[in-house]
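**Student:** Pasting a structure here, questions to come.
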Amino acid sequence: GREKKKKKKKKKKKKRKETKKGGMPKKIGKYQLDKTLGSGAFSKVKLGIDTETDKSYAIKIIDKEQLQREHMEEQLKREIAVMKLLDHDNVVKLYEVLQTQRHIYLVLELV
């Protein structure tokens with residue numbers, strides 16, 4: 001009986017390790033999140049590696065709560081809409097937008 005309880009506890013600890021401080025997963029969609037490249041008022045940018053192609057991207061992780069507190073949702077929606085339309089060598093390309101309950105993830109060209 002005791003051995004089974006120990007195994008269960010170990011499993012629970014493992015699950016906790018899969019998310020970093022603030023509840024951010026180490027993986028989002030098909031992207032493995034790596035080191036932090038930068039951070040700002042609403043977001044953090046991490047290196048993201050596509051687990052299917054091994055290609056690297058910059059993944060901007062935006063905190064939804066903070067976005068709402070500052071009433072910036074509409075501005076972000078506009079920014080995403082504009083980025084999807086733009087295709088220019090001097091503008092960072094937006095590849096994908098992912099969402100969880102707490103965060104918005106912008107998969108961007110790594111420059």
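Chain labels A, B, ... are given in the sequence in which chains occur in the structure tokens; within each chain residues are numbered consecutively from 1, and ligands are likewise numbered from 1 in the order shown.
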Taking 6 positions as the minimum chain separation for residues in the same chain, which residues sit within 12 Å of segment 92-94 of chain A when counting only C-alpha atoms? Answer as a short mmCIF file (atom, residue, chain, number, x, y, z; two decimals) with all heavy atoms, in the first residue's frame.
**Tutor:**
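Heads up, here's the output in result_29.cif:
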data_model
loop_
_atom_site.label_atom_id
_atom_site.label_comp_id
_atom_site.auth_asym_id
_atom_site.auth_seq_id
_atom_site.Cartn_x
_atom_site.Cartn_y
_atom_site.Cartn_z
N TYR A 57 11.46 29.85 -33.93
CA TYR A 57 10.58 31.02 -34.01
C TYR A 57 10.71 31.82 -32.74
O TYR A 57 11.17 31.32 -31.71
CB TYR A 57 9.12 30.58 -34.17
CG TYR A 57 8.84 29.84 -35.44
CD1 TYR A 57 8.94 28.45 -35.48
CD2 TYR A 57 8.47 30.51 -36.59
CE1 TYR A 57 8.69 27.76 -36.67
CE2 TYR A 57 8.22 29.83 -37.78
CZ TYR A 57 8.34 28.46 -37.80
OH TYR A 57 8.10 27.78 -38.97
N ALA A 58 10.26 33.07 -32.79
CA ALA A 58 10.14 33.89 -31.59
C ALA A 58 8.66 33.79 -31.19
O ALA A 58 7.79 34.04 -32.02
CB ALA A 58 10.51 35.33 -31.89
N ILE A 59 8.39 33.39 -29.97
CA ILE A 59 7.00 33.26 -29.53
C ILE A 59 6.72 34.31 -28.46
O ILE A 59 7.31 34.29 -27.38
CB ILE A 59 6.69 31.84 -29.03
CG1 ILE A 59 6.93 30.86 -30.19
CG2 ILE A 59 5.25 31.76 -28.50
CD1 ILE A 59 6.57 29.43 -29.93
N LYS A 60 5.84 35.24 -28.81
CA LYS A 60 5.45 36.32 -27.91
C LYS A 60 4.29 35.81 -27.07
O LYS A 60 3.25 35.43 -27.60
CB LYS A 60 5.04 37.55 -28.72
CG LYS A 60 4.82 38.79 -27.90
CD LYS A 60 4.57 39.98 -28.83
CE LYS A 60 4.59 41.28 -28.11
NZ LYS A 60 4.43 42.42 -29.03
N GLU A 79 -3.32 44.91 -34.17
CA GLU A 79 -1.91 44.58 -34.46
C GLU A 79 -1.81 43.22 -35.14
O GLU A 79 -1.09 43.06 -36.12
CB GLU A 79 -1.12 44.57 -33.14
CG GLU A 79 0.37 44.43 -33.32
CD GLU A 79 1.13 44.41 -32.00
OE1 GLU A 79 0.70 45.08 -31.04
OE2 GLU A 79 2.17 43.74 -31.96
N ILE A 80 -2.56 42.23 -34.65
CA ILE A 80 -2.55 40.89 -35.24
C ILE A 80 -3.11 40.94 -36.66
O ILE A 80 -2.52 40.37 -37.59
CB ILE A 80 -3.34 39.89 -34.36
CG1 ILE A 80 -2.56 39.64 -33.05
CG2 ILE A 80 -3.60 38.59 -35.09
CD1 ILE A 80 -3.34 38.90 -31.98
N ALA A 81 -4.22 41.66 -36.87
CA ALA A 81 -4.83 41.78 -38.19
C ALA A 81 -3.87 42.41 -39.20
O ALA A 81 -3.72 41.94 -40.32
CB ALA A 81 -6.12 42.60 -38.11
N VAL A 82 -3.17 43.47 -38.77
CA VAL A 82 -2.22 44.16 -39.64
C VAL A 82 -1.03 43.24 -39.95
O VAL A 82 -0.60 43.14 -41.10
CB VAL A 82 -1.75 45.50 -39.01
CG1 VAL A 82 -0.58 46.09 -39.77
CG2 VAL A 82 -2.91 46.49 -38.98
N MET A 83 -0.51 42.58 -38.93
CA MET A 83 0.65 41.69 -39.13
C MET A 83 0.34 40.55 -40.09
O MET A 83 1.20 40.14 -40.86
CB MET A 83 1.15 41.14 -37.79
CG MET A 83 1.90 42.15 -36.97
SD MET A 83 2.39 41.49 -35.37
CE MET A 83 3.87 40.60 -35.82
N LYS A 84 -0.90 40.05 -40.04
CA LYS A 84 -1.30 38.97 -40.96
C LYS A 84 -1.31 39.44 -42.40
O LYS A 84 -1.03 38.67 -43.31
CB LYS A 84 -2.69 38.43 -40.58
CG LYS A 84 -2.67 37.50 -39.39
CD LYS A 84 -4.07 36.98 -39.09
CE LYS A 84 -4.08 36.01 -37.93
NZ LYS A 84 -5.43 35.58 -37.57
N LEU A 85 -1.64 40.73 -42.60
CA LEU A 85 -1.72 41.29 -43.95
C LEU A 85 -0.36 41.65 -44.53
O LEU A 85 -0.17 41.59 -45.73
CB LEU A 85 -2.62 42.54 -43.95
CG LEU A 85 -4.09 42.32 -43.62
CD1 LEU A 85 -4.78 43.66 -43.43
CD2 LEU A 85 -4.78 41.51 -44.69
N LEU A 86 0.56 42.07 -43.67
CA LEU A 86 1.85 42.54 -44.14
C LEU A 86 2.77 41.40 -44.58
O LEU A 86 2.87 40.38 -43.92
CB LEU A 86 2.55 43.37 -43.06
CG LEU A 86 1.91 44.70 -42.71
CD1 LEU A 86 2.64 45.34 -41.53
CD2 LEU A 86 1.91 45.65 -43.90
N TYR A 105 -0.49 33.50 -27.64
CA TYR A 105 0.85 33.21 -28.14
C TYR A 105 0.93 33.62 -29.60
O TYR A 105 0.17 33.12 -30.43
CB TYR A 105 1.15 31.71 -28.03
CG TYR A 105 1.11 31.19 -26.61
CD1 TYR A 105 -0.09 30.85 -26.00
CD2 TYR A 105 2.28 31.02 -25.88
CE1 TYR A 105 -0.14 30.37 -24.70
CE2 TYR A 105 2.24 30.54 -24.57
CZ TYR A 105 1.03 30.21 -23.99
OH TYR A 105 1.00 29.73 -22.71
N LEU A 106 1.86 34.52 -29.93
CA LEU A 106 2.09 34.93 -31.30
C LEU A 106 3.36 34.25 -31.77
O LEU A 106 4.44 34.46 -31.21
CB LEU A 106 2.24 36.45 -31.43
CG LEU A 106 1.11 37.32 -30.88
CD1 LEU A 106 1.41 38.79 -31.14
CD2 LEU A 106 -0.22 36.94 -31.48
N VAL A 107 3.24 33.42 -32.81
CA VAL A 107 4.40 32.72 -33.36
C VAL A 107 4.96 33.62 -34.45
O VAL A 107 4.33 33.82 -35.50
CB VAL A 107 4.02 31.33 -33.89
CG1 VAL A 107 5.25 30.62 -34.44
CG2 VAL A 107 3.36 30.49 -32.81
N LEU A 108 6.14 34.18 -34.19
CA LEU A 108 6.75 35.17 -35.05
C LEU A 108 8.05 34.68 -35.67
O LEU A 108 8.73 33.81 -35.10
CB LEU A 108 7.02 36.46 -34.26
CG LEU A 108 5.85 37.09 -33.53
CD1 LEU A 108 6.33 38.06 -32.47
CD2 LEU A 108 4.93 37.78 -34.52
N GLU A 109 8.41 35.30 -36.78
CA GLU A 109 9.68 35.05 -37.43
C GLU A 109 10.79 35.42 -36.45
O GLU A 109 10.74 36.46 -35.80
CB GLU A 109 9.75 35.92 -38.68
CG GLU A 109 11.05 35.93 -39.40
CD GLU A 109 11.05 36.92 -40.56
OE1 GLU A 109 10.14 37.77 -40.66
OE2 GLU A 109 11.99 36.84 -41.35
N LEU A 110 11.80 34.58 -36.34
CA LEU A 110 12.94 34.85 -35.47
C LEU A 110 13.95 35.69 -36.24
O LEU A 110 14.42 35.28 -37.30
CB LEU A 110 13.56 33.55 -35.00
CG LEU A 110 14.72 33.63 -34.00
CD1 LEU A 110 14.25 34.24 -32.68
CD2 LEU A 110 15.31 32.27 -33.76
N VAL A 111 14.22 36.88 -35.75
CA VAL A 111 15.19 37.77 -36.45
C VAL A 111 16.36 38.13 -35.55
O VAL A 111 16.30 38.00 -34.36
CB VAL A 111 14.53 39.08 -36.96
CG1 VAL A 111 13.63 38.77 -38.13
CG2 VAL A 111 13.77 39.79 -35.86
#
**Student:** With DSSP run on the backbone, what are the strand (DSSP E or B) residues within segment 5-110 of chain A? I'd like them as a PyMOL selection string.
**Tutor:** chain A and resi 19+25+27-28+31-39+43-50+56-63+94-99+103-109
**Student:** So that I have them on file, write out the residues from the current selection with N, CA and C atoms, as a compact mmCIF listing (two decimals), in the first residue's frame.
**Tutor:**
# COMPACT_ATOMS: atom_id res chain seq x y z
N THR A 19 5.04 22.86 -15.91
CA THR A 19 4.68 24.27 -16.07
C THR A 19 5.64 25.11 -15.25
N PRO A 25 3.19 26.91 -19.84
CA PRO A 25 3.69 25.59 -20.23
C PRO A 25 5.02 25.69 -20.98
N LYS A 27 5.58 23.85 -23.47
CA LYS A 27 5.23 23.54 -24.84
C LYS A 27 3.85 24.12 -25.12
N ILE A 28 3.71 24.75 -26.30
CA ILE A 28 2.41 25.26 -26.72
C ILE A 28 2.20 24.82 -28.16
N TYR A 31 5.05 23.72 -30.58
CA TYR A 31 6.27 24.46 -30.28
C TYR A 31 6.80 24.18 -28.88
N GLN A 32 8.07 23.84 -28.81
CA GLN A 32 8.76 23.64 -27.54
C GLN A 32 9.32 25.00 -27.14
N LEU A 33 8.96 25.48 -25.96
CA LEU A 33 9.43 26.79 -25.51
C LEU A 33 10.79 26.66 -24.85
N ASP A 34 11.69 27.56 -25.23
CA ASP A 34 13.06 27.52 -24.72
C ASP A 34 13.35 28.81 -23.95
N LYS A 35 14.55 29.33 -24.10
CA LYS A 35 14.99 30.50 -23.31
C LYS A 35 14.20 31.76 -23.64
N THR A 36 14.16 32.67 -22.69
CA THR A 36 13.51 33.96 -22.86
C THR A 36 14.42 34.87 -23.67
N LEU A 37 13.88 35.45 -24.73
CA LEU A 37 14.65 36.35 -25.60
C LEU A 37 14.47 37.80 -25.18
N GLY A 38 13.33 38.11 -24.56
CA GLY A 38 13.06 39.47 -24.11
C GLY A 38 11.74 39.54 -23.39
N SER A 39 11.48 40.70 -22.76
CA SER A 39 10.20 40.86 -22.08
C SER A 39 9.81 42.33 -22.06
N SER A 43 4.11 41.27 -22.12
CA SER A 43 4.52 39.99 -22.69
C SER A 43 5.96 39.61 -22.43
N LYS A 44 6.22 38.38 -22.80
CA LYS A 44 7.55 37.80 -22.73
C LYS A 44 7.77 37.14 -24.09
N VAL A 45 8.98 37.20 -24.61
CA VAL A 45 9.27 36.54 -25.89
C VAL A 45 10.24 35.40 -25.62
N LYS A 46 9.82 34.21 -26.04
CA LYS A 46 10.67 33.04 -25.85
C LYS A 46 11.03 32.43 -27.18
N LEU A 47 12.15 31.73 -27.19
CA LEU A 47 12.55 30.98 -28.36
C LEU A 47 11.63 29.77 -28.44
N GLY A 48 11.03 29.55 -29.60
CA GLY A 48 10.15 28.40 -29.78
C GLY A 48 10.67 27.54 -30.90
N ILE A 49 10.72 26.23 -30.67
CA ILE A 49 11.19 25.30 -31.69
C ILE A 49 10.04 24.43 -32.13
N ASP A 50 9.77 24.45 -33.45
CA ASP A 50 8.71 23.61 -34.03
C ASP A 50 9.17 22.17 -33.91
N SER A 56 13.19 27.33 -35.80
CA SER A 56 13.08 28.23 -34.65
C SER A 56 12.21 29.45 -34.94
N TYR A 57 11.46 29.85 -33.93
CA TYR A 57 10.58 31.02 -34.01
C TYR A 57 10.71 31.82 -32.74
N ALA A 58 10.26 33.07 -32.79
CA ALA A 58 10.14 33.89 -31.59
C ALA A 58 8.66 33.79 -31.19
N ILE A 59 8.39 33.39 -29.97
CA ILE A 59 7.00 33.26 -29.53
C ILE A 59 6.72 34.31 -28.46
N LYS A 60 5.84 35.24 -28.81
CA LYS A 60 5.45 36.32 -27.91
C LYS A 60 4.29 35.81 -27.07
N ILE A 61 4.48 35.79 -25.77
CA ILE A 61 3.47 35.27 -24.83
C ILE A 61 2.84 36.46 -24.12
N ILE A 62 1.56 36.67 -24.38
CA ILE A 62 0.85 37.83 -23.83
C ILE A 62 -0.12 37.39 -22.74
N ASP A 63 -0.04 38.05 -21.59
CA ASP A 63 -0.90 37.76 -20.46
C ASP A 63 -2.26 38.42 -20.69
N LEU A 94 4.22 37.17 -38.96
CA LEU A 94 3.41 36.45 -37.98
C LEU A 94 2.95 35.15 -38.64
N TYR A 95 3.29 34.02 -38.03
CA TYR A 95 2.96 32.72 -38.61
C TYR A 95 1.67 32.13 -38.04
N GLU A 96 1.47 32.31 -36.75
CA GLU A 96 0.35 31.63 -36.09
C GLU A 96 -0.02 32.34 -34.80
N VAL A 97 -1.30 32.25 -34.41
CA VAL A 97 -1.76 32.79 -33.13
C VAL A 97 -2.41 31.63 -32.37
N LEU A 98 -1.93 31.39 -31.16
CA LEU A 98 -2.47 30.33 -30.31
C LEU A 98 -2.98 30.96 -29.02
N GLN A 99 -3.95 30.28 -28.37
CA GLN A 99 -4.52 30.82 -27.13
C GLN A 99 -4.74 29.74 -26.10
N HIS A 103 -3.21 32.97 -21.64
CA HIS A 103 -2.24 33.62 -22.52
C HIS A 103 -2.62 33.58 -23.99
N ILE A 104 -2.05 34.53 -24.74
CA ILE A 104 -2.13 34.55 -26.20
C ILE A 104 -0.69 34.38 -26.67
N TYR A 105 -0.49 33.50 -27.64
CA TYR A 105 0.85 33.21 -28.14
C TYR A 105 0.93 33.62 -29.60
N LEU A 106 1.86 34.52 -29.93
CA LEU A 106 2.09 34.93 -31.30
C LEU A 106 3.36 34.25 -31.77
N VAL A 107 3.24 33.42 -32.81
CA VAL A 107 4.40 32.72 -33.36
C VAL A 107 4.96 33.62 -34.45
N LEU A 108 6.14 34.18 -34.19
CA LEU A 108 6.75 35.17 -35.05
C LEU A 108 8.05 34.68 -35.67
N GLU A 109 8.41 35.30 -36.78
CA GLU A 109 9.68 35.05 -37.43
C GLU A 109 10.79 35.42 -36.45
**Student:** To one decimal place, how far is atom CA of Leu76 of chain A from atom CA of His88 of chain A in Å?
**Tutor:**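 Atom CA of His88 of chain A lies 20.0 Å from atom CA of Leu76 of chain A.
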**Student:** Skipping near chain neighbours, those fewer than 5 positions away, what residues fall within 9 Å of Lys64 of chain A using only C-alpha atoms, listed as a ChimeraX atom specification?
**Tutor:** /A:42,69,73,101-104
**Student:** Next, dump the selected residues to file, keeping only N, CA, C and O atoms, as a compact mmCIF listing (two decimals), in the first residue's frame.
**Tutor:**
# COMPACT_ATOMS: atom_id res chain seq x y z
N PHE A 42 3.49 43.75 -21.26
CA PHE A 42 2.40 42.76 -21.33
C PHE A 42 2.88 41.37 -21.68
O PHE A 42 2.11 40.43 -21.63
N ARG A 69 -6.75 44.46 -18.08
CA ARG A 69 -6.58 45.52 -17.08
C ARG A 69 -6.22 46.85 -17.73
O ARG A 69 -6.65 47.90 -17.29
N GLU A 73 -7.03 45.06 -25.45
CA GLU A 73 -7.46 43.93 -26.30
C GLU A 73 -7.66 44.35 -27.75
O GLU A 73 -7.21 43.67 -28.66
N GLN A 101 -6.32 29.69 -21.76
CA GLN A 101 -7.19 30.47 -20.89
C GLN A 101 -6.50 31.74 -20.39
O GLN A 101 -7.12 32.78 -20.26
N ARG A 102 -5.20 31.65 -20.14
CA ARG A 102 -4.47 32.77 -19.54
C ARG A 102 -3.58 33.56 -20.49
O ARG A 102 -3.19 34.68 -20.17
N HIS A 103 -3.21 32.97 -21.64
CA HIS A 103 -2.24 33.62 -22.52
C HIS A 103 -2.62 33.58 -23.99
O HIS A 103 -3.36 32.71 -24.42
N ILE A 104 -2.05 34.53 -24.74
CA ILE A 104 -2.13 34.55 -26.20
C ILE A 104 -0.69 34.38 -26.67
O ILE A 104 0.23 35.02 -26.14
**Student:** Interatomic distance between atom CA of Arg78 of chain A and atom CA of Gly40 of chain A?
**Tutor:** 18.7 Å
**Student:** List every residue of segment 36-110 of chain A that DSSP, applied to the backbone of this structure, places in alpha helix (DSSP H), and write the result as number ranges by chain.
**Tutor:** A: 64-69, 73-85
**Student:** What is the distance, in Å and to one decimal place, between atom CA of Gly29 of chain A and atom CA of Gln75 of chain A?
**Tutor:**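 Those two atoms sit 24.5 Å apart.
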